file work04.tsv (TSV, C-alpha atoms)
chain	number	residue	atom	x	y	z
A	17	MET	CA	-13.67	-7.73	32.46
A	18	SER	CA	-9.92	-7.90	33.14
A	19	SER	CA	-8.78	-6.57	36.53
A	20	THR	CA	-6.25	-4.41	34.69
A	21	ALA	CA	-8.76	-2.93	32.22
A	22	GLY	CA	-8.58	0.85	32.14
A	23	LYS	CA	-5.33	0.91	34.07
A	24	VAL	CA	-1.73	1.51	33.04
A	25	ILE	CA	0.14	-1.81	32.95
A	26	PRO	CA	3.84	-1.96	33.85
A	27	CYS	CA	5.75	-4.67	32.01
A	28	LYS	CA	9.04	-5.59	30.35
A	29	ALA	CA	9.91	-4.58	26.80
A	30	ALA	CA	12.99	-4.79	24.59
A	31	VAL	CA	13.78	-1.18	23.70
A	32	ALA	CA	16.08	-0.06	20.89
A	33	TRP	CA	17.78	3.14	22.05
A	34	GLU	CA	20.14	3.54	19.09
A	35	ALA	CA	20.47	2.22	15.56
A	36	GLY	CA	22.26	-1.10	15.44
A	37	LYS	CA	22.90	-1.25	19.19
A	38	PRO	CA	21.69	-4.19	21.33
A	39	LEU	CA	18.14	-3.92	22.61
A	40	VAL	CA	17.75	-3.24	26.33
A	41	ILE	CA	15.12	-4.92	28.52
A	42	GLU	CA	13.35	-2.04	30.21
A	43	ASN	CA	10.40	-1.50	32.53
A	44	VAL	CA	7.76	0.30	30.46
A	45	GLU	CA	4.23	1.54	31.10
A	46	VAL	CA	1.51	0.59	28.64
A	47	ALA	CA	-1.54	2.86	28.64
A	48	PRO	CA	-5.10	1.53	28.29
A	49	PRO	CA	-6.62	1.16	24.81
A	50	GLN	CA	-8.66	4.07	23.51
A	51	GLU	CA	-11.58	3.98	21.07
A	52	ASN	CA	-11.20	1.22	18.44
A	53	GLU	CA	-8.04	-0.08	20.11
A	54	VAL	CA	-7.10	-3.38	21.73
A	55	ARG	CA	-4.53	-4.09	24.43
A	56	ILE	CA	-2.86	-7.46	23.98
A	57	LYS	CA	-0.81	-9.60	26.33
A	58	VAL	CA	1.89	-10.75	23.92
A	59	LYS	CA	2.74	-14.41	24.39
A	60	TYR	CA	5.22	-14.99	21.59
A	61	SER	CA	6.95	-12.81	19.04
A	62	SER	CA	9.37	-13.59	16.23
A	63	LEU	CA	12.03	-11.59	14.45
A	64	CYS	CA	11.42	-10.58	10.83
A	65	HIS	CA	14.03	-9.07	8.52
A	66	THR	CA	11.94	-5.88	8.43
A	67	ASP	CA	12.64	-5.42	12.15
A	68	LEU	CA	16.34	-5.87	11.47
A	69	HIS	CA	16.28	-3.40	8.55
A	70	PHE	CA	14.72	-0.58	10.56
A	71	TRP	CA	16.80	-1.37	13.66
A	72	GLU	CA	19.96	-0.98	11.57
A	73	SER	CA	18.41	2.23	10.18
A	74	LYS	CA	20.91	2.47	7.33
A	75	GLY	CA	19.98	5.41	5.12
A	76	LEU	CA	16.79	5.91	7.12
A	77	PRO	CA	15.78	8.74	9.47
A	78	PRO	CA	16.46	7.59	13.05
A	79	MET	CA	13.37	7.00	15.20
A	80	PHE	CA	14.64	6.06	18.63
A	81	PRO	CA	13.97	4.98	21.30
A	82	ARG	CA	11.63	2.48	19.70
A	83	ILE	CA	9.96	-0.85	20.42
A	84	PHE	CA	10.21	-3.11	17.38
A	85	GLY	CA	8.40	-6.36	16.61
A	86	HIS	CA	5.44	-7.13	14.33
A	87	GLU	CA	5.17	-10.91	14.08
A	88	ALA	CA	3.42	-12.12	17.22
A	89	SER	CA	0.58	-13.90	18.95
A	90	GLY	CA	-1.20	-13.12	22.18
A	91	VAL	CA	-4.38	-12.84	24.19
A	92	VAL	CA	-6.66	-9.81	24.38
A	93	GLU	CA	-6.36	-8.16	27.80
A	94	SER	CA	-8.94	-5.41	27.24
A	95	VAL	CA	-10.62	-3.43	24.47
A	96	GLY	CA	-11.49	0.23	24.02
A	97	ASP	CA	-14.86	1.74	23.18
A	98	GLY	CA	-16.28	0.78	19.82
A	99	VAL	CA	-14.57	-2.61	19.60
A	100	LEU	CA	-17.36	-5.14	19.04
A	101	ASP	CA	-15.63	-8.10	17.38
A	102	LEU	CA	-13.03	-8.78	20.08
A	103	LYS	CA	-13.13	-9.33	23.82
A	104	ALA	CA	-10.79	-10.13	26.70
A	105	GLY	CA	-9.46	-13.66	26.44
A	106	ASP	CA	-9.58	-13.94	22.63
A	107	HIS	CA	-6.49	-15.47	21.01
A	108	VAL	CA	-5.20	-13.07	18.38
A	109	LEU	CA	-2.48	-12.16	15.89
A	110	PRO	CA	-1.54	-8.47	15.60
A	111	VAL	CA	-0.69	-7.49	12.02
A	112	PHE	CA	1.36	-4.63	10.52
A	113	THR	CA	-1.40	-3.81	8.04
A	114	GLY	CA	-5.10	-3.62	8.67
A	115	GLU	CA	-8.67	-3.92	7.52
A	116	CYS	CA	-11.01	-1.12	8.55
A	117	GLY	CA	-13.89	-2.68	6.64
A	118	GLU	CA	-15.18	0.68	5.40
A	119	CYS	CA	-12.79	2.09	2.79
A	120	PRO	CA	-12.98	1.30	-0.96
A	121	HIS	CA	-10.02	-1.09	-0.68
A	122	CYS	CA	-11.59	-3.06	2.15
A	123	LYS	CA	-14.89	-3.28	0.28
A	124	SER	CA	-13.15	-4.47	-2.87
A	125	GLU	CA	-12.46	-8.18	-3.37
A	126	GLU	CA	-9.39	-7.22	-5.39
A	127	SER	CA	-7.36	-5.35	-2.76
A	128	ASN	CA	-6.00	-5.65	0.76
A	129	MET	CA	-4.56	-2.10	0.83
A	130	CYS	CA	-6.68	-0.47	3.55
A	131	ASP	CA	-6.75	3.33	3.25
A	132	LEU	CA	-6.79	3.83	7.01
A	133	LEU	CA	-4.45	1.10	8.23
A	134	ARG	CA	-2.02	0.51	5.38
A	135	ILE	CA	1.55	-0.22	6.43
A	136	ASN	CA	3.45	2.91	7.46
A	137	PRO	CA	6.96	2.36	8.91
A	138	ALA	CA	7.34	6.08	9.63
A	139	ARG	CA	4.34	6.26	11.98
A	140	GLU	CA	5.51	6.31	15.61
A	141	VAL	CA	2.16	6.87	17.34
A	142	MET	CA	-1.45	5.70	17.37
A	143	ILE	CA	-3.56	7.17	14.57
A	144	SER	CA	-6.41	8.18	16.89
A	145	ASP	CA	-4.69	10.79	19.04
A	146	GLY	CA	-1.00	10.93	18.13
A	147	ASN	CA	0.16	9.30	21.38
A	148	SER	CA	2.32	6.20	21.68
A	149	ARG	CA	0.73	4.22	24.58
A	150	PHE	CA	4.31	3.29	25.61
A	151	SER	CA	6.38	5.30	28.06
A	152	ILE	CA	9.33	5.06	30.43
A	153	ASN	CA	9.13	7.40	33.42
A	154	GLY	CA	6.59	9.48	31.55
A	155	LYS	CA	8.65	9.82	28.36
A	156	PRO	CA	7.03	8.31	25.23
A	157	ILE	CA	8.65	5.44	23.32
A	158	SER	CA	8.13	5.24	19.57
A	159	ARG	CA	5.96	2.51	18.08
A	160	PHE	CA	6.79	0.32	15.07
A	161	LEU	CA	4.39	-0.78	12.31
A	162	GLY	CA	1.42	-0.21	14.59
A	163	THR	CA	2.25	-3.31	16.65
A	164	SER	CA	5.50	-3.09	18.72
A	165	THR	CA	5.34	-6.70	19.85
A	166	PHE	CA	8.72	-6.80	21.60
A	167	SER	CA	6.76	-5.69	24.67
A	168	GLN	CA	4.87	-8.00	27.03
A	169	TYR	CA	1.81	-5.82	26.45
A	170	THR	CA	0.98	-3.71	23.42
A	171	VAL	CA	-1.90	-1.60	22.12
A	172	VAL	CA	-3.02	-2.07	18.51
A	173	HIS	CA	-5.82	-0.64	16.38
A	174	SER	CA	-8.66	-3.18	16.32
A	175	GLY	CA	-8.51	-3.31	12.52
A	176	CYS	CA	-5.03	-4.82	12.83
A	177	VAL	CA	-5.99	-7.52	15.34
A	178	VAL	CA	-7.07	-10.92	13.99
A	179	LYS	CA	-9.06	-13.36	16.11
A	180	ILE	CA	-7.91	-16.95	15.56
A	181	ASN	CA	-8.78	-20.50	16.54
A	182	PRO	CA	-8.08	-20.74	20.31
A	183	LYS	CA	-6.73	-24.27	19.81
A	184	ALA	CA	-3.91	-23.04	17.56
A	185	PRO	CA	-0.50	-23.12	19.32
A	186	LEU	CA	0.50	-19.51	19.84
A	187	ASP	CA	4.21	-20.36	19.82
A	188	LYS	CA	3.91	-21.44	16.17
A	189	VAL	CA	1.17	-19.39	14.52
A	190	CYS	CA	2.88	-16.17	15.65
A	191	ILE	CA	5.04	-16.39	12.52
A	192	LEU	CA	1.96	-15.98	10.30
A	193	SER	CA	1.74	-12.23	10.99
A	194	CYS	CA	4.10	-11.26	8.16
A	195	GLY	CA	6.69	-13.14	6.08
A	196	ILE	CA	5.24	-16.64	5.85
A	197	THR	CA	1.82	-15.34	4.85
A	198	THR	CA	3.40	-12.97	2.33
A	199	GLY	CA	5.30	-15.71	0.50
A	200	LEU	CA	2.50	-18.25	0.66
A	201	GLY	CA	-0.13	-15.80	-0.54
A	202	ALA	CA	2.08	-14.63	-3.40
A	203	VAL	CA	1.66	-18.11	-4.85
A	204	LEU	CA	-1.84	-19.13	-3.74
A	205	ASN	CA	-3.59	-15.75	-4.13
A	206	VAL	CA	-1.60	-13.93	-6.80
A	207	ALA	CA	0.30	-16.38	-9.02
A	208	LYS	CA	-2.56	-18.91	-8.77
A	209	PRO	CA	-0.73	-21.75	-10.55
A	210	LYS	CA	-2.59	-24.76	-11.87
A	211	LYS	CA	-1.78	-28.19	-10.49
A	212	GLY	CA	1.30	-29.54	-12.22
A	213	ALA	CA	2.68	-26.08	-13.03
A	214	SER	CA	6.36	-25.12	-13.06
A	215	ILE	CA	7.32	-22.37	-10.62
A	216	ALA	CA	10.61	-20.52	-10.12
A	217	VAL	CA	11.32	-18.75	-6.82
A	218	PHE	CA	14.05	-16.10	-6.80
A	219	GLY	CA	15.60	-15.79	-3.32
A	220	LEU	CA	15.33	-18.56	-0.74
A	221	GLY	CA	15.11	-16.61	2.48
A	222	THR	CA	12.10	-17.06	4.73
A	223	VAL	CA	9.64	-15.38	2.33
A	224	GLY	CA	11.03	-17.32	-0.62
A	225	LEU	CA	10.77	-20.60	1.27
A	226	ALA	CA	7.18	-19.71	2.12
A	227	ALA	CA	6.60	-19.28	-1.62
A	228	VAL	CA	8.12	-22.73	-2.15
A	229	GLU	CA	5.74	-24.06	0.49
A	230	GLY	CA	2.87	-22.41	-1.37
A	231	ALA	CA	4.00	-24.01	-4.62
A	232	ARG	CA	4.06	-27.41	-2.91
A	233	ILE	CA	0.55	-26.89	-1.53
A	234	ALA	CA	-0.65	-25.79	-4.99
A	235	GLY	CA	0.62	-29.05	-6.48
A	236	ALA	CA	3.41	-27.69	-8.66
A	237	SER	CA	5.33	-30.40	-10.50
A	238	LYS	CA	8.61	-28.50	-10.73
A	239	ILE	CA	9.70	-25.94	-8.11
A	240	ILE	CA	13.00	-24.29	-9.00
A	241	GLY	CA	14.91	-22.14	-6.53
A	242	VAL	CA	17.29	-19.42	-7.69
A	243	ASP	CA	19.83	-18.19	-5.15
A	244	LEU	CA	23.48	-17.18	-4.98
A	245	ASN	CA	23.99	-19.17	-1.77
A	246	PRO	CA	24.55	-22.87	-2.61
A	247	ASN	CA	23.81	-23.86	0.99
A	248	ARG	CA	20.15	-22.84	0.55
A	249	PHE	CA	19.33	-25.88	-1.61
A	250	LYS	CA	19.55	-28.44	1.19
A	251	GLU	CA	17.24	-26.41	3.44
A	252	ALA	CA	14.81	-25.63	0.64
A	253	LYS	CA	14.33	-29.28	-0.29
A	254	LYS	CA	12.50	-29.70	3.04
A	255	PHE	CA	9.89	-27.25	1.71
A	256	GLY	CA	9.37	-29.04	-1.60
A	257	LEU	CA	12.05	-27.53	-3.86
A	258	THR	CA	12.82	-29.90	-6.73
A	259	ASP	CA	15.64	-28.04	-8.52
A	260	PHE	CA	18.21	-25.35	-7.72
A	261	ILE	CA	20.07	-22.80	-9.81
A	262	ASN	CA	23.04	-20.77	-8.63
A	263	PRO	CA	23.45	-18.09	-11.34
A	264	LYS	CA	27.18	-17.92	-10.63
A	265	GLU	CA	27.56	-21.51	-11.84
A	266	HIS	CA	26.16	-20.84	-15.32
A	267	LYS	CA	27.51	-18.98	-18.33
A	268	LYS	CA	24.02	-18.35	-19.67
A	269	PRO	CA	21.68	-15.76	-18.09
A	270	VAL	CA	19.49	-17.40	-15.48
A	271	HIS	CA	16.30	-16.89	-17.47
A	272	GLU	CA	17.76	-18.88	-20.34
A	273	VAL	CA	18.75	-21.66	-17.95
A	274	LEU	CA	15.18	-21.72	-16.65
A	275	LYS	CA	13.75	-21.85	-20.18
A	276	ASP	CA	16.01	-24.79	-21.02
A	277	MET	CA	14.78	-26.62	-17.90
A	278	THR	CA	11.08	-26.00	-18.56
A	279	ASN	CA	10.54	-26.29	-22.31
A	280	GLY	CA	10.32	-22.59	-23.00
A	281	GLY	CA	9.77	-20.96	-19.62
A	282	VAL	CA	8.16	-21.36	-16.22
A	283	ASP	CA	4.43	-21.00	-15.73
A	284	ARG	CA	4.93	-18.73	-12.71
A	285	SER	CA	7.92	-16.94	-11.20
A	286	ILE	CA	8.07	-15.38	-7.74
A	287	GLU	CA	10.68	-12.68	-7.03
A	288	CYS	CA	11.52	-12.45	-3.32
A	289	THR	CA	14.79	-10.50	-3.23
A	290	GLY	CA	13.82	-6.95	-4.18
A	291	ASN	CA	16.66	-6.92	-6.70
A	292	ILE	CA	15.59	-5.34	-10.00
A	293	ASN	CA	17.86	-7.60	-12.06
A	294	ALA	CA	16.25	-10.62	-10.42
A	295	LEU	CA	12.82	-9.18	-11.21
A	296	MET	CA	13.75	-8.82	-14.88
A	297	SER	CA	15.04	-12.40	-14.90
A	298	ALA	CA	11.77	-13.55	-13.34
A	299	LEU	CA	9.79	-11.87	-16.11
A	300	ASP	CA	12.09	-13.06	-18.88
A	301	ALA	CA	11.90	-16.62	-17.55
A	302	ALA	CA	8.08	-16.68	-17.70
A	303	HIS	CA	6.56	-18.70	-20.53
A	304	ASP	CA	5.07	-16.70	-23.38
A	305	GLY	CA	1.31	-16.88	-23.67
A	306	TRP	CA	0.54	-17.41	-19.99
A	307	GLY	CA	3.61	-16.83	-17.83
A	308	ARG	CA	3.19	-14.60	-14.78
A	309	ALA	CA	5.87	-12.94	-12.64
A	310	VAL	CA	5.01	-11.80	-9.11
A	311	LEU	CA	7.07	-9.16	-7.30
A	312	VAL	CA	7.26	-9.83	-3.55
A	313	GLY	CA	10.66	-8.45	-2.53
A	314	VAL	CA	10.81	-4.73	-1.77
A	315	PRO	CA	13.18	-2.80	-4.10
A	316	SER	CA	14.91	0.42	-3.13
A	317	ILE	CA	12.59	3.41	-3.33
A	318	ASP	CA	14.35	4.86	-6.39
A	319	ALA	CA	14.58	1.60	-8.32
A	320	VAL	CA	13.25	1.47	-11.89
A	321	PHE	CA	13.19	-1.17	-14.57
A	322	LYS	CA	12.62	-1.37	-18.29
A	323	THR	CA	11.66	-4.26	-20.50
A	324	SER	CA	10.49	-4.85	-24.03
A	325	PRO	CA	6.77	-4.27	-24.55
A	326	TYR	CA	6.79	-7.50	-26.55
A	327	ASN	CA	6.99	-9.33	-23.23
A	328	PHE	CA	3.42	-8.20	-22.65
A	329	LEU	CA	2.25	-8.48	-26.24
A	330	ASP	CA	3.41	-12.10	-26.03
A	331	GLY	CA	1.01	-12.70	-23.16
A	332	LYS	CA	3.28	-12.42	-20.13
A	333	THR	CA	2.12	-10.50	-17.06
A	334	ILE	CA	3.86	-8.97	-14.08
A	335	THR	CA	2.24	-7.97	-10.82
A	336	GLY	CA	3.11	-7.42	-7.19
A	337	THR	CA	1.72	-8.09	-3.75
A	338	THR	CA	1.76	-6.93	-0.15
A	339	PHE	CA	1.05	-9.50	2.57
A	340	GLY	CA	0.23	-12.08	-0.10
A	341	ASN	CA	-3.01	-10.23	-0.94
A	342	TYR	CA	-4.58	-11.48	2.30
A	343	LYS	CA	-7.01	-9.13	4.02
A	344	PRO	CA	-5.84	-9.49	7.63
A	345	LYS	CA	-9.04	-9.88	9.62
A	346	THR	CA	-11.01	-11.88	7.09
A	347	GLY	CA	-8.17	-13.71	5.33
A	348	LEU	CA	-5.54	-14.59	7.93
A	349	PRO	CA	-7.73	-17.04	9.91
A	350	SER	CA	-7.70	-19.29	6.83
A	351	MET	CA	-3.91	-19.48	7.11
A	352	VAL	CA	-4.26	-20.71	10.68
A	353	ASP	CA	-6.78	-23.27	9.43
A	354	LEU	CA	-4.29	-24.47	6.80
A	355	PHE	CA	-1.83	-25.12	9.61
A	356	MET	CA	-4.39	-26.75	11.89
A	357	ASN	CA	-5.46	-29.22	9.17
A	358	ASN	CA	-1.81	-30.14	8.51
A	359	THR	CA	-1.70	-28.63	5.01
A	360	LEU	CA	0.73	-25.85	5.96
A	361	GLU	CA	3.87	-26.94	7.80
A	362	LEU	CA	5.19	-24.25	10.14
A	363	ASP	CA	7.67	-26.17	12.27
A	364	LYS	CA	10.32	-26.20	9.55
A	365	PHE	CA	10.39	-22.38	9.52
A	366	ILE	CA	11.22	-22.22	13.25
A	367	THR	CA	14.96	-22.64	13.73
A	368	HIS	CA	15.56	-21.11	17.18
A	369	ARG	CA	13.78	-20.20	20.41
A	370	VAL	CA	14.94	-17.65	22.98
A	371	PRO	CA	13.44	-15.95	26.05
A	372	LEU	CA	12.77	-12.20	25.95
A	373	SER	CA	15.84	-11.68	28.15
A	374	GLU	CA	17.99	-13.07	25.29
A	375	ILE	CA	16.26	-11.33	22.38
A	376	ASN	CA	19.55	-9.99	21.02
A	377	LYS	CA	20.51	-13.57	20.14
A	378	ALA	CA	17.67	-13.54	17.61
A	379	PHE	CA	19.28	-10.55	15.89
A	380	ASP	CA	22.67	-12.26	15.93
A	381	TYR	CA	21.26	-15.43	14.37
A	382	MET	CA	19.62	-13.44	11.56
A	383	ILE	CA	22.65	-11.26	10.87
A	384	LYS	CA	24.84	-14.37	10.59
A	385	GLY	CA	22.34	-16.09	8.30
A	386	GLN	CA	21.78	-18.89	10.81
A	387	SER	CA	18.02	-18.55	11.27
A	388	LEU	CA	14.73	-18.47	9.44
A	389	ARG	CA	12.45	-17.58	12.34
A	390	THR	CA	13.45	-17.27	15.98
A	391	ILE	CA	10.55	-17.50	18.45
A	392	ILE	CA	10.81	-15.14	21.41
A	393	ASP	CA	9.02	-16.25	24.57
A	394	MET	CA	7.70	-12.95	25.87
A	395	GLU	CA	6.79	-14.27	29.32
A	396	ASN	CA	10.26	-15.62	30.11
call {"tool": "encode", "arguments": {"input": "work04.tsv", "output": "structure tokens"}}
result
Amino acid sequence: MSSTAGKVIPCKAAVAWEAGKPLVIENVEVAPPQENEVRIKVKYSSLCHTDLHFWESKGLPPMFPRIFGHEASGVVESVGDGVLDLKAGDHVLPVFTGECGECPHCKSEESNMCDLLRINPAREVMISDGNSRFSINGKPISRFLGTSTFSQYTVVHSGCVVKINPKAPLDKVCILSCGITTGLGAVLNVAKPKKGASIAVFGLGTVGLAAVEGARIAGASKIIGVDLNPNRFKEAKKFGLTDFINPKEHKKPVHEVLKDMTNGGVDRSIECTGNINALMSALDAAHDGWGRAVLVGVPSIDAVFKTSPYNFLDGKTITGTTFGNYKPKTGLPSMVDLFMNNTLELDKFITHRVPLSEINKAFDYMIKGQSLRTIIDMEN
């Protein structure tokens, strides 16, 4: 048993006190885990665009002070009562969504949308007792996505903690807790292309590039990126992209350009921007008879779309995914295995590294469009 088990742990954390203002490194207290909870010593974290979105808090209710962060790796420090599948010393990934193992979704092979632990950005506390586990001088600090990994220690529900191969390098596999897995799974688990298929990816940010990586792993013969930023093509070729379309450079609608390139339409299209017009282009670009469009990007909450029902009568399908349809506890270890057997290449996603004391640089890099993933060394 850890010498700190059952005790409050003081540590450093990057705290957001106001929307859009630089994070401040503070001394925080992290309470012990309660029933079905795990306290983790966070080794590495990385910045995801979701952290940036809620930190900017544009058009969102303010929830500050708050500890952000949800892509991370670490080592279990202690566990609460009822936790049987994890123990101190285990190497783990905390995840923003969970797997209770008991609800209808968890028992279904067709869903990863756990009733108990589904993603909830508005939740600021633990679900067991309504307390945060984080405080500064006795005053609670709000949580984020159930993980709050911009702290050297965090407490997470055990259903959101994934035990991984202890030989996996924690400073690389930390990025598997969100975006990379989402994009990769959108192709491998949802689109499920046959070898030699043609695949279009709309939006070549980190999630889109992960979809390109998934298309490469799946053996696609033609992987076409669609993006308004011409500079994305050079970077995306490292991931396996074969062709690039900038819609601004064509007089035809992008779906017509894609049909011309692929003899009638792509076999699969992956939409990673959250833009409804891009989603419609992804569907229109799909080949009749078997084409499938997968929605990955998150649209605005009031967004709607309409399309001709003949798209579906002609055999096209459209679907969506959260976290690439991976169940966290039972599915994510396979992603680590893909990396460990050299099938999945993670190094090319990592563009920067900073110590915790310089975490605001990670935000600057992302805002300026200079980074894919910045690794934050939580012990430095």
call {"tool": "closest_residue", "arguments": {"input": "work04.tsv", "among": "A:Leu360, A:Pro120, A:Asp67, A:Lys322", "to": "Arg232 (chain A)", "atoms": "only C-alpha atoms"}}
result
A:Leu360
call {"tool": "residues_around", "arguments": {"input": "work04.tsv", "residues": "Gly219 (chain A)", "least_positions_apart": "2", "cutoff": "12 Å", "atoms": "all atoms listed in the file", "output": "PyMOL selection string"}}
result
chain A and resi 199+216-217+221-228+240-246+248-249+252+260-263+285-291+294-295+298+311-313
call {"tool": "atom_distance", "arguments": {"input": "work04.tsv", "atom1": "CA of Lys59 (chain A)", "atom2": "CA of Ile196 (chain A)"}}
result
18.8 Å
call {"tool": "closest_residue", "arguments": {"input": "work04.tsv", "among": "A:Pro110, A:Gly105, A:Pro48, A:Gly280", "to": "Ala302 (chain A)", "atoms": "only C-alpha atoms"}}
result
A:Gly280
call {"tool": "residues_near_point", "arguments": {"input": "work04.tsv", "point": "(0.2, -15.1, -1.5)", "cutoff": "12 Å", "atoms": "only C-alpha atoms", "output": "PyMOL selection string"}}
result
chain A and resi 128+192+194-209+223-224+226-231+233-234+286+288+310-312+335-343+347-348+351
call {"tool": "residues_around", "arguments": {"input": "work04.tsv", "residues": "region 91-99 of chain A", "least_positions_apart": "2", "cutoff": "7 Å", "atoms": "all atoms listed in the file", "output": "PyMOL selection string"}}
result
chain A and resi 18+21+49-58+101-108+174
call {"tool": "closest_residue", "arguments": {"input": "work04.tsv", "among": "A:His86, A:His368, A:Lys250, A:His121", "to": "Cys64 (chain A)", "atoms": "all atoms listed in the file"}}
result
A:His86
call {"tool": "closest_residue", "arguments": {"input": "work04.tsv", "among": "A:Asn136, A:Asn357, A:Thr258, A:Thr113", "to": "His173 (chain A)", "atoms": "only C-alpha atoms"}}
result
A:Thr113
call {"tool": "closest_residue", "arguments": {"input": "work04.tsv", "among": "A:Met79, A:Ile215, A:Leu274, A:Ala378", "to": "Arg139 (chain A)", "atoms": "all atoms listed in the file"}}
result
A:Met79
call {"tool": "residues_around", "arguments": {"input": "work04.tsv", "residues": "region 27-33 of chain A", "least_positions_apart": "6", "cutoff": "8 Å", "atoms": "only C-alpha atoms", "output": "PyMOL selection string"}}
result
chain A and resi 39-46+71+80-84+166-169+372+375
call {"tool": "atom_distance", "arguments": {"input": "work04.tsv", "atom1": "CA of Val282 (chain A)", "atom2": "CA of Ser214 (chain A)"}}
result
5.2 Å
call {"tool": "decode", "arguments": {"input": "work04.tsv", "residues": "region 275-289 of chain A", "atoms": "N, CA and C atoms", "output": "tab-separated table (two decimals), in the first residue's frame"}}
result
chain	number	residue	atom	x	y	z
A	275	LYS	N	-15.95	13.02	-56.60
A	275	LYS	CA	-16.52	12.01	-57.50
A	275	LYS	C	-15.70	11.87	-58.77
A	276	ASP	N	-15.21	12.99	-59.29
A	276	ASP	CA	-14.38	12.94	-60.48
A	276	ASP	C	-13.07	12.19	-60.22
A	277	MET	N	-12.55	12.31	-58.99
A	277	MET	CA	-11.27	11.68	-58.65
A	277	MET	C	-11.42	10.19	-58.38
A	278	THR	N	-12.64	9.73	-58.09
A	278	THR	CA	-12.81	8.37	-57.58
A	278	THR	C	-13.83	7.55	-58.37
A	279	ASN	N	-14.08	7.94	-59.60
A	279	ASN	CA	-14.99	7.16	-60.46
A	279	ASN	C	-16.37	7.01	-59.84
A	280	GLY	N	-16.91	8.13	-59.39
A	280	GLY	CA	-18.30	8.12	-58.93
A	280	GLY	C	-18.51	8.36	-57.45
A	281	GLY	N	-17.44	8.44	-56.68
A	281	GLY	CA	-17.58	8.72	-55.25
A	281	GLY	C	-16.65	7.88	-54.40
A	282	VAL	N	-16.38	8.37	-53.20
A	282	VAL	CA	-15.47	7.64	-52.30
A	282	VAL	C	-16.23	6.52	-51.59
A	283	ASP	N	-15.50	5.50	-51.20
A	283	ASP	CA	-16.12	4.39	-50.47
A	283	ASP	C	-16.49	4.81	-49.06
A	284	ARG	N	-15.67	5.65	-48.45
A	284	ARG	CA	-15.92	6.12	-47.08
A	284	ARG	C	-15.49	7.59	-46.99
A	285	SER	N	-16.24	8.37	-46.22
A	285	SER	CA	-15.84	9.75	-45.95
A	285	SER	C	-15.96	10.02	-44.46
A	286	ILE	N	-14.98	10.73	-43.92
A	286	ILE	CA	-14.88	10.99	-42.49
A	286	ILE	C	-14.90	12.49	-42.27
A	287	GLU	N	-15.91	13.00	-41.58
A	287	GLU	CA	-16.06	14.44	-41.37
A	287	GLU	C	-15.54	14.81	-39.98
A	288	CYS	N	-14.49	15.61	-39.93
A	288	CYS	CA	-13.81	15.90	-38.65
A	288	CYS	C	-13.83	17.37	-38.27
A	289	THR	N	-14.67	18.18	-38.91
A	289	THR	CA	-14.67	19.61	-38.63
A	289	THR	C	-15.84	20.06	-37.76
